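File shown: data05.txt (compact mmCIF, C-alpha atoms and all ligand atoms).
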# COMPACT_ATOMS: atom_id res chain seq x y z
CA MET A 1 0.00 0.00 0.00
CA ASN A 2 1.27 3.44 -0.85
CA ALA A 3 -0.43 6.10 1.21
CA HIS A 4 -0.40 9.60 -0.15
CA ALA A 5 -2.23 12.10 1.97
CA THR A 6 -4.64 14.09 -0.13
CA THR A 7 -5.74 16.21 2.77
CA GLN A 8 -3.64 19.31 2.15
CA ARG A 9 -6.53 21.28 0.75
CA ARG A 10 -8.72 20.78 3.82
CA PRO A 11 -8.32 23.42 6.60
CA TYR A 12 -5.52 22.28 8.90
CA ARG A 13 -6.59 20.37 12.00
CA GLY A 14 -3.95 19.02 14.33
CA ARG A 15 -3.99 17.39 17.73
CA ILE A 16 -1.83 16.56 20.70
CA ALA A 17 -2.72 13.27 22.35
CA PRO A 18 -0.89 12.46 25.59
CA SER A 19 -1.68 9.44 27.75
CA PRO A 20 -2.01 10.24 31.48
CA THR A 21 0.30 7.45 32.62
CA GLY A 22 2.81 9.83 34.20
CA HIS A 23 3.85 13.47 34.07
CA LEU A 24 4.75 15.09 30.77
CA HIS A 25 8.43 15.67 30.12
CA LEU A 26 10.46 17.99 27.91
CA GLY A 27 10.29 15.58 24.97
CA HIS A 28 6.48 15.75 24.99
CA ALA A 29 6.64 19.53 25.21
CA ARG A 30 8.96 19.79 22.22
CA THR A 31 6.89 17.47 20.01
CA PHE A 32 3.63 19.14 21.07
CA TRP A 33 5.14 22.58 20.47
CA THR A 34 5.98 21.52 16.92
CA ALA A 35 2.35 20.41 16.55
CA GLN A 36 1.10 23.75 17.86
CA GLN A 37 3.46 25.73 15.61
CA ARG A 38 2.42 23.79 12.54
CA ALA A 39 -1.26 24.38 13.32
CA ARG A 40 -0.66 28.11 13.94
CA GLU A 41 1.44 28.64 10.82
CA ARG A 42 -1.36 27.12 8.76
CA GLY A 43 -4.13 29.09 10.47
CA GLY A 44 -5.50 25.79 11.76
CA VAL A 45 -7.02 24.29 14.86
CA LEU A 46 -5.27 22.28 17.59
CA ILE A 47 -7.17 19.71 19.65
CA LEU A 48 -6.15 18.21 23.00
CA ARG A 49 -7.09 14.57 23.36
CA ASN A 50 -6.57 12.74 26.63
CA GLU A 51 -5.74 9.14 25.67
CA ASP A 52 -6.97 7.55 28.88
CA ILE A 53 -8.25 4.19 27.66
CA ASP A 54 -5.78 2.04 29.56
CA ARG A 55 -7.66 1.84 32.84
CA ALA A 56 -4.85 0.13 34.71
CA ARG A 57 -2.13 2.66 33.81
CA CYS A 58 -3.96 5.98 33.44
CA LYS A 59 -4.57 8.08 36.55
CA PRO A 60 -6.93 11.08 36.92
CA GLU A 61 -4.21 13.02 38.76
CA PHE A 62 -1.91 12.65 35.76
CA ALA A 63 -4.72 13.84 33.47
CA ARG A 64 -5.24 16.94 35.65
CA GLY A 65 -1.49 17.50 35.83
CA MET A 66 -1.22 17.19 32.06
CA THR A 67 -3.69 20.01 31.40
CA GLU A 68 -2.03 22.21 34.02
CA ASP A 69 1.47 21.57 32.66
CA LEU A 70 0.38 22.20 29.08
CA LYS A 71 -1.22 25.53 30.02
CA TRP A 72 1.85 26.56 32.00
CA PHE A 73 4.05 25.82 29.02
CA GLY A 74 1.90 28.01 26.75
CA PHE A 75 -0.24 25.52 24.89
CA GLU A 76 -3.65 26.60 23.68
CA TRP A 77 -6.18 24.31 22.12
CA GLN A 78 -9.29 25.46 20.39
CA GLU A 79 -11.76 22.62 20.62
CA GLY A 80 -13.13 20.26 23.20
CA PRO A 81 -16.28 18.28 23.90
CA ASP A 82 -17.98 21.37 25.44
CA VAL A 83 -18.35 19.70 28.81
CA GLY A 84 -16.11 20.44 31.77
CA GLY A 85 -15.29 24.00 30.66
CA PRO A 86 -13.67 25.56 27.61
CA HIS A 87 -10.25 24.03 28.24
CA ALA A 88 -11.42 20.49 28.90
CA PRO A 89 -9.86 17.96 26.53
CA TYR A 90 -11.61 15.15 24.74
CA ASN A 91 -11.35 12.05 26.92
CA GLN A 92 -11.07 8.74 25.12
CA SER A 93 -12.63 6.98 28.13
CA GLU A 94 -15.90 8.77 27.23
CA ARG A 95 -15.84 7.73 23.58
CA GLN A 96 -15.98 3.93 23.90
CA ARG A 97 -19.12 3.71 21.74
CA LEU A 98 -17.27 5.04 18.69
CA TYR A 99 -14.47 2.49 19.05
CA GLN A 100 -17.00 -0.30 19.59
CA ASP A 101 -18.81 0.65 16.36
CA ALA A 102 -15.55 0.64 14.42
CA LEU A 103 -14.70 -2.79 15.81
CA GLU A 104 -18.11 -4.08 14.74
CA GLN A 105 -17.47 -2.72 11.24
CA LEU A 106 -14.11 -4.51 11.13
CA LYS A 107 -15.71 -7.72 12.37
CA SER A 108 -18.31 -7.65 9.61
CA GLY A 109 -15.60 -6.96 7.04
CA GLY A 110 -13.65 -10.01 8.25
CA PHE A 111 -10.59 -7.92 9.15
CA VAL A 112 -10.25 -9.13 12.73
CA TYR A 113 -10.26 -12.34 14.73
CA PRO A 114 -10.67 -13.12 18.41
CA CYS A 115 -7.45 -13.88 20.27
CA THR A 116 -7.10 -15.49 23.68
CA CYS A 117 -3.30 -15.24 23.89
CA SER A 118 -1.79 -13.47 26.86
CA ARG A 119 1.43 -11.45 26.60
CA LYS A 120 3.10 -14.38 28.34
CA ASP A 121 1.84 -16.86 25.71
CA ILE A 122 3.36 -14.70 22.98
CA GLN A 123 6.65 -14.24 24.82
CA SER A 124 7.00 -17.97 25.27
CA ALA A 125 6.21 -18.80 21.64
CA ALA A 126 9.55 -19.70 20.09
CA SER A 127 8.64 -18.12 16.78
CA ALA A 128 7.89 -14.62 18.02
CA PRO A 129 10.68 -12.34 16.74
CA GLN A 130 10.73 -8.62 17.48
CA GLY A 131 9.37 -6.13 14.99
CA ALA A 132 10.43 -2.62 13.99
CA ASP A 133 9.36 -1.08 17.30
CA ASP A 134 10.50 -3.91 19.58
CA GLU A 135 6.97 -5.31 19.78
CA LEU A 136 6.94 -9.08 19.48
CA ILE A 137 5.52 -10.30 16.19
CA TYR A 138 2.37 -12.23 16.97
CA PRO A 139 3.02 -15.89 16.08
CA GLY A 140 -0.51 -16.37 14.73
CA THR A 141 -1.73 -18.85 17.35
CA CYS A 142 -5.37 -17.69 17.11
CA ARG A 143 -5.24 -16.63 13.48
CA VAL A 144 -8.05 -18.15 11.48
CA SER A 145 -8.31 -18.48 7.73
CA SER A 146 -9.50 -15.42 5.86
CA GLN A 147 -12.54 -17.44 4.79
CA SER A 148 -13.69 -17.74 8.38
CA THR A 149 -16.76 -15.74 9.27
CA LEU A 150 -16.17 -15.98 12.99
CA THR A 151 -17.48 -12.71 14.39
CA HIS A 152 -18.43 -13.73 17.90
CA GLN A 153 -16.23 -13.65 20.93
CA PRO A 154 -15.33 -17.14 22.16
CA SER A 155 -16.34 -18.01 25.72
CA THR A 156 -12.80 -17.62 27.10
CA LYS A 157 -11.56 -14.08 27.76
CA ALA A 158 -10.53 -12.79 24.34
CA GLY A 159 -9.43 -9.67 22.60
CA TRP A 160 -9.54 -8.90 18.88
CA ARG A 161 -6.62 -8.74 16.51
CA PHE A 162 -6.29 -7.15 13.09
CA ARG A 163 -5.07 -9.64 10.49
CA VAL A 164 -2.27 -8.19 8.34
CA ARG A 165 -1.37 -9.45 4.86
CA ASP A 166 2.06 -11.01 5.37
CA GLY A 167 4.62 -9.46 3.06
CA GLU A 168 2.51 -6.42 2.16
CA PRO A 169 4.68 -3.29 1.94
CA ILE A 170 3.29 -0.12 3.50
CA GLU A 171 4.85 3.08 2.22
CA PHE A 172 4.26 6.67 3.15
CA THR A 173 6.13 9.94 3.09
CA ASP A 174 6.62 11.48 6.48
CA GLY A 175 6.60 15.28 6.62
CA ALA A 176 9.71 15.37 8.83
CA LEU A 177 11.54 12.12 8.12
CA GLY A 178 10.82 11.52 4.43
CA PRO A 179 9.96 8.22 2.71
CA GLN A 180 9.10 5.31 5.02
CA ARG A 181 8.59 1.65 4.22
CA PHE A 182 7.39 -1.16 6.46
CA VAL A 183 6.51 -4.74 5.62
CA ALA A 184 3.51 -6.35 7.30
CA GLY A 185 4.35 -9.68 8.92
CA LYS A 186 8.01 -8.67 9.21
CA ASP A 187 8.09 -5.25 10.89
CA PHE A 188 4.90 -5.98 12.82
CA GLY A 189 2.38 -8.78 12.92
CA ASP A 190 -1.34 -9.06 13.58
CA PHE A 191 -2.01 -6.36 16.15
CA VAL A 192 -4.47 -5.96 19.00
CA LEU A 193 -7.46 -3.68 18.42
CA TRP A 194 -9.52 -4.71 21.41
CA ARG A 195 -7.92 -5.94 24.58
CA ASN A 196 -9.05 -8.93 26.57
CA ASP A 197 -10.02 -6.62 29.48
CA ASP A 198 -12.70 -5.18 27.16
CA ALA A 199 -10.94 -1.91 26.33
CA PRO A 200 -10.02 -0.58 22.89
CA ALA A 201 -6.33 -0.63 22.07
CA TYR A 202 -4.35 2.48 21.14
CA GLN A 203 -4.21 1.71 17.39
CA LEU A 204 -7.98 1.54 17.03
CA ALA A 205 -8.84 4.47 19.31
CA ALA A 206 -6.25 6.77 17.69
CA VAL A 207 -7.45 6.06 14.14
CA VAL A 208 -11.14 6.33 15.00
CA ASP A 209 -10.57 9.63 16.80
CA ASP A 210 -8.21 11.14 14.24
CA ALA A 211 -10.82 10.38 11.57
CA ALA A 212 -13.80 11.54 13.68
CA MET A 213 -12.00 14.76 14.62
CA GLY A 214 -11.11 15.48 11.00
CA ILE A 215 -7.36 15.63 11.75
CA THR A 216 -5.42 16.58 8.60
CA GLU A 217 -1.91 16.10 10.01
CA VAL A 218 -0.73 13.93 12.89
CA VAL A 219 2.40 15.29 14.60
CA ARG A 220 3.93 12.89 17.13
CA GLY A 221 7.13 11.18 18.24
CA ALA A 222 9.22 9.02 15.91
CA ASP A 223 8.68 6.03 18.24
CA LEU A 224 5.24 5.74 16.60
CA LEU A 225 6.44 5.37 12.98
CA ALA A 226 5.67 1.64 12.87
CA SER A 227 2.31 2.38 14.49
CA THR A 228 1.58 4.72 11.61
CA ALA A 229 2.11 1.81 9.20
CA ARG A 230 -0.36 -0.29 11.21
CA GLN A 231 -2.80 2.60 11.37
CA LEU A 232 -2.71 3.11 7.60
CA LEU A 233 -4.03 -0.45 7.26
CA LEU A 234 -6.85 0.47 9.61
CA TYR A 235 -7.70 3.63 7.68
CA ARG A 236 -8.02 1.49 4.56
CA ALA A 237 -10.10 -1.21 6.27
CA LEU A 238 -12.46 1.37 7.78
CA GLY A 239 -12.71 3.39 4.57
CA PHE A 240 -11.29 6.57 6.16
CA GLU A 241 -8.99 9.02 4.40
CA PRO A 242 -5.63 9.05 6.20
CA PRO A 243 -4.11 12.32 7.42
CA ALA A 244 -0.55 13.46 6.68
CA PHE A 245 2.10 12.42 9.22
CA PHE A 246 4.97 14.36 10.77
CA HIS A 247 7.12 12.40 13.23
CA CYS A 248 9.49 14.33 15.48
CA PRO A 249 12.84 12.86 16.56
CA LEU A 250 12.79 11.80 20.21
CA MET A 251 14.58 13.80 22.86
CA THR A 252 17.38 12.19 24.85
CA ASP A 253 18.99 13.21 28.14
CA ALA A 254 22.64 14.22 28.63
CA ASN A 255 23.61 10.50 28.56
CA GLY A 256 21.84 9.88 25.28
CA VAL A 257 18.98 7.99 26.97
CA ARG A 258 15.49 8.57 25.60
CA LEU A 259 13.30 10.56 28.00
CA ALA A 260 10.62 8.47 29.69
CA LYS A 261 7.77 9.31 32.04
CA ARG A 262 9.20 7.06 34.74
CA ASN A 263 12.28 9.30 34.94
CA ASP A 264 10.94 12.47 36.48
CA ALA A 265 14.10 14.60 36.22
CA LEU A 266 13.03 16.43 33.07
CA SER A 267 9.31 16.50 33.76
CA LEU A 268 7.60 19.83 33.18
CA ARG A 269 6.50 19.89 36.84
CA ARG A 270 10.04 19.56 38.11
CA LEU A 271 11.32 22.22 35.75
CA ARG A 272 8.53 24.53 36.79
CA ALA A 273 9.21 23.90 40.48
CA GLY A 274 12.88 24.63 39.82
CA GLY A 275 11.98 28.07 38.45
CA GLU A 276 12.50 27.33 34.74
CA SER A 277 10.57 29.49 32.30
CA PRO A 278 8.88 27.96 29.24
CA LYS A 279 10.18 30.83 27.11
CA ALA A 280 13.78 30.11 28.09
CA ILE A 281 13.28 26.41 27.30
CA ARG A 282 11.85 27.20 23.88
CA GLU A 283 14.66 29.62 23.16
CA ARG A 284 17.18 26.90 23.92
CA TRP A 285 15.45 24.67 21.36
CA GLY A 286 15.76 27.47 18.81
CA GLY A 287 15.45 26.75 15.11
CA ALA A 288 15.63 22.97 15.62
CA LEU A 289 12.09 23.15 16.91
CA GLN A 290 10.79 24.75 13.75
CA ARG A 291 12.23 21.97 11.66
CA GLY A 292 11.22 19.17 14.04
CA LEU A 293 14.88 18.25 14.43
CA PRO A 294 16.83 17.35 17.56
CA ASP A 295 18.99 19.98 19.28
N1 LIG A 301 -1.08 8.68 23.45
C1 LIG A 301 0.14 8.34 22.75
C2 LIG A 301 1.32 8.54 23.64
O1 LIG A 301 1.25 9.21 24.65
C3 LIG A 301 0.38 9.18 21.53
C4 LIG A 301 -0.58 8.93 20.49
C5 LIG A 301 -0.46 9.69 19.20
O2 LIG A 301 0.03 10.82 19.16
O3 LIG A 301 -0.92 9.11 18.23
O4 LIG A 301 2.37 8.01 23.37

Take the structure in the file and give it back as structure tokens.
Ligand code: GLU
Amino acid sequence: MNAHATTQRRPYRGRIAPSPTGHLHLGHARTFWTAQQRARERGGVLILRNEDIDRARCKPEFARGMTEDLKWFGFEWQEGPDVGGPHAPYNQSERQRLYQDALEQLKSGGFVYPCTCSRKDIQSAASAPQGADDELIYPGTCRVSSQSTLTHQPSTKAGWRFRVRDGEPIEFTDGALGPQRFVAGKDFGDFVLWRNDDAPAYQLAAVVDDAAMGITEVVRGADLLASTARQLLLYRALGFEPPAFFHCPLMTDANGVRLAKRNDALSLRRLRAGGESPKAIRERWGGALQRGLPD
């Protein structure tokens, strides 16, 4: 599949979509600032979406902290669900119905199959190599033939997986990183759309929301490049027009280690408490920020 975004003529609509699993760090701020700049330069709209579907890992205090930190840093978003005040974000936890409908559509199209494998089952399968983003390639234990019309959930606890076409190349041109190519079945395997704890998975929720919110360009971290390839398959299966993509290089600390939420040292809260000013931080980023490049 060769995905060419044809969305450039639509008014620009961008989004920032953090998950409240910890406090935001400088890397988030830099990627989100690029998203905000791109929306502003194009006279577009920026949306804040709180990706809080993982009930075990997401915490309301992180969601509150996220909005506070974003405002402190100078982010402004223009649209929300019109409940909870003008600055309230869209919450994925309140949009389950949309994801459920999309899953039903994929079931009727024969794009998905129920899967009872646990993470442990997959780890212990000898034939589960790692894909492009270090995710294990699903060994196909629950895969059924494409002729199967199985659309019901089996009695055991099951999730739903999207069946990829092994060997299919997925190509797209990234706005920051240029031409990209992934091969289904090699860089990633059949991926989870609905988890066995009855929650939508990131890939499904992100695509359904980006389409429902009319997003014309997705700006996010380069760790999600292989997810973009998966998501392009979902856009096709659901009959949605894909947006353009712009993946920002990830920020590393002084030791070259990628910033993570579990390491609080460069969290926006800490920097704020230490008297840092957002303006000074942005000035340090300088022109690199404009180009979506690392310092
Ligand atoms: N919620 C995802 C994250 O925090 C980002 C999703 C996206 O931008 O598509 O990593």

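Ranking A:Asp174, A:Leu106, A:Val207, A:Glu135 by their shortest atom-to-atom distance to Phe162 in chain A, with all atoms listed in the file included, puts A:Leu106 first.
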
Selection near Gln36 in chain A, 9 Å with only C-alpha atoms, sequence-local residues under 3 positions removed, as a list in words: Gly14, Arg15, Ile16, Thr31, Phe32, Trp33, Ala39, Arg40, Glu41, Val45, Leu46, Phe75, Glu76 and Trp77 of chain A

Can you write just those residues out, C-alpha atoms, as a PDB file, keeping the file's coordinate frame?
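See selection19.pdb below for the written result:
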ATOM      1  CA  GLY A  14      -3.950  19.020  14.330  1.00  0.00           C
ATOM      2  CA  ARG A  15      -3.990  17.390  17.730  1.00  0.00           C
ATOM      3  CA  ILE A  16      -1.830  16.560  20.700  1.00  0.00           C
ATOM      4  CA  THR A  31       6.890  17.470  20.010  1.00  0.00           C
ATOM      5  CA  PHE A  32       3.630  19.140  21.070  1.00  0.00           C
ATOM      6  CA  TRP A  33       5.140  22.580  20.470  1.00  0.00           C
ATOM      7  CA  ALA A  39      -1.260  24.380  13.320  1.00  0.00           C
ATOM      8  CA  ARG A  40      -0.660  28.110  13.940  1.00  0.00           C
ATOM      9  CA  GLU A  41       1.440  28.640  10.820  1.00  0.00           C
ATOM     10  CA  VAL A  45      -7.020  24.290  14.860  1.00  0.00           C
ATOM     11  CA  LEU A  46      -5.270  22.280  17.590  1.00  0.00           C
ATOM     12  CA  PHE A  75      -0.240  25.520  24.890  1.00  0.00           C
ATOM     13  CA  GLU A  76      -3.650  26.600  23.680  1.00  0.00           C
ATOM     14  CA  TRP A  77      -6.180  24.310  22.120  1.00  0.00           C
TER      15      TRP A  77
END

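With distances restricted to only C-alpha atoms and all ligand atoms, A:Glu217 is the closest residue to ligand LIG 301 (chain A) from A:Glu217, A:Asp190, A:Asp101, A:Asp82.
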
Site check for ligand LIG 301 (chain A): residues at most 9 Å away, all atoms listed in the file, as a list in words: Arg15, Ile16, Ala17, Pro18, Ser19, Pro20, Thr21, His28, Arg49, Asn50, Glu51, Asp52, Tyr202, Gln203, Ala206, Val207, Asp210, Val218, Val219, Arg220, Gly221, Asp223, Leu224, Ser227 and Thr228 of chain A

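Candidate residues A:Ala237, A:Leu70, A:Ala199, A:Ala265 were compared for distance to Ser93 in chain A, and the nearest is A:Ala199, using all atoms listed in the file.
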
Nearest to Arg272 in chain A, chosen from A:Pro60, A:Gln37, A:Glu68, A:Trp194, with only C-alpha atoms counted in the distances: A:Glu68

Selected residue, from A:Asp209, A:Asp134, A:Glu283, A:Asp187, that lies nearest to Leu48 in chain A when counting all atoms listed in the file: A:Asp209

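Closest to Met251 in chain A among A:Pro278, A:His23, A:Trp285, A:Gly239 is A:Trp285, based on only C-alpha atoms.
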
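Computed from the coordinates, the CA of Ser108 in chain A to CA of Gly214 in chain A distance equals 24.3 Å.
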
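Omitting range 176-181 of chain A and its sequence neighbours fewer than 2 positions away, and counting all atoms listed in the file, the residues within 9 Å are Pro169, Ile170, Glu171, Phe172, Thr173, Asp174, Val183, Ala222, Leu225, Ala229, Phe245, Phe246, His247, Cys248, Pro249, Arg291, Gly292 and Leu293 of chain A.
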
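You will find CA of Arg236 in chain A at 17.3 Å from CA of Leu98 in chain A.
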
Between CA of Glu104 in chain A and CA of Leu193 in chain A - distance in Å to one decimal: 11.3 Å

Test item: axis-aligned box, all listed atoms of range 221-239 of chain A, 6 Å on each side, centre and edges in Å rounded to one decimal, as JSON:
{"center_x": -1.7, "center_y": 5.0, "center_z": 11.4, "size_x": 33.9, "size_y": 24.4, "size_z": 25.7}

Non-local contacts of Cys117 in chain A (12 Å; all atoms listed in the file; under 5 positions in same chain excluded) as a PyMOL selection string: chain A and resi 122-125+138-143+156-161+191-192+195-196

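For Leu204 in chain A, the residues within 8 Å (counting all atoms listed in the file, excluding itself and residues fewer than 4 positions away along the chain) are Tyr99, Leu193, Trp194, Pro200, Val208, Gln231 and Leu234 of chain A.
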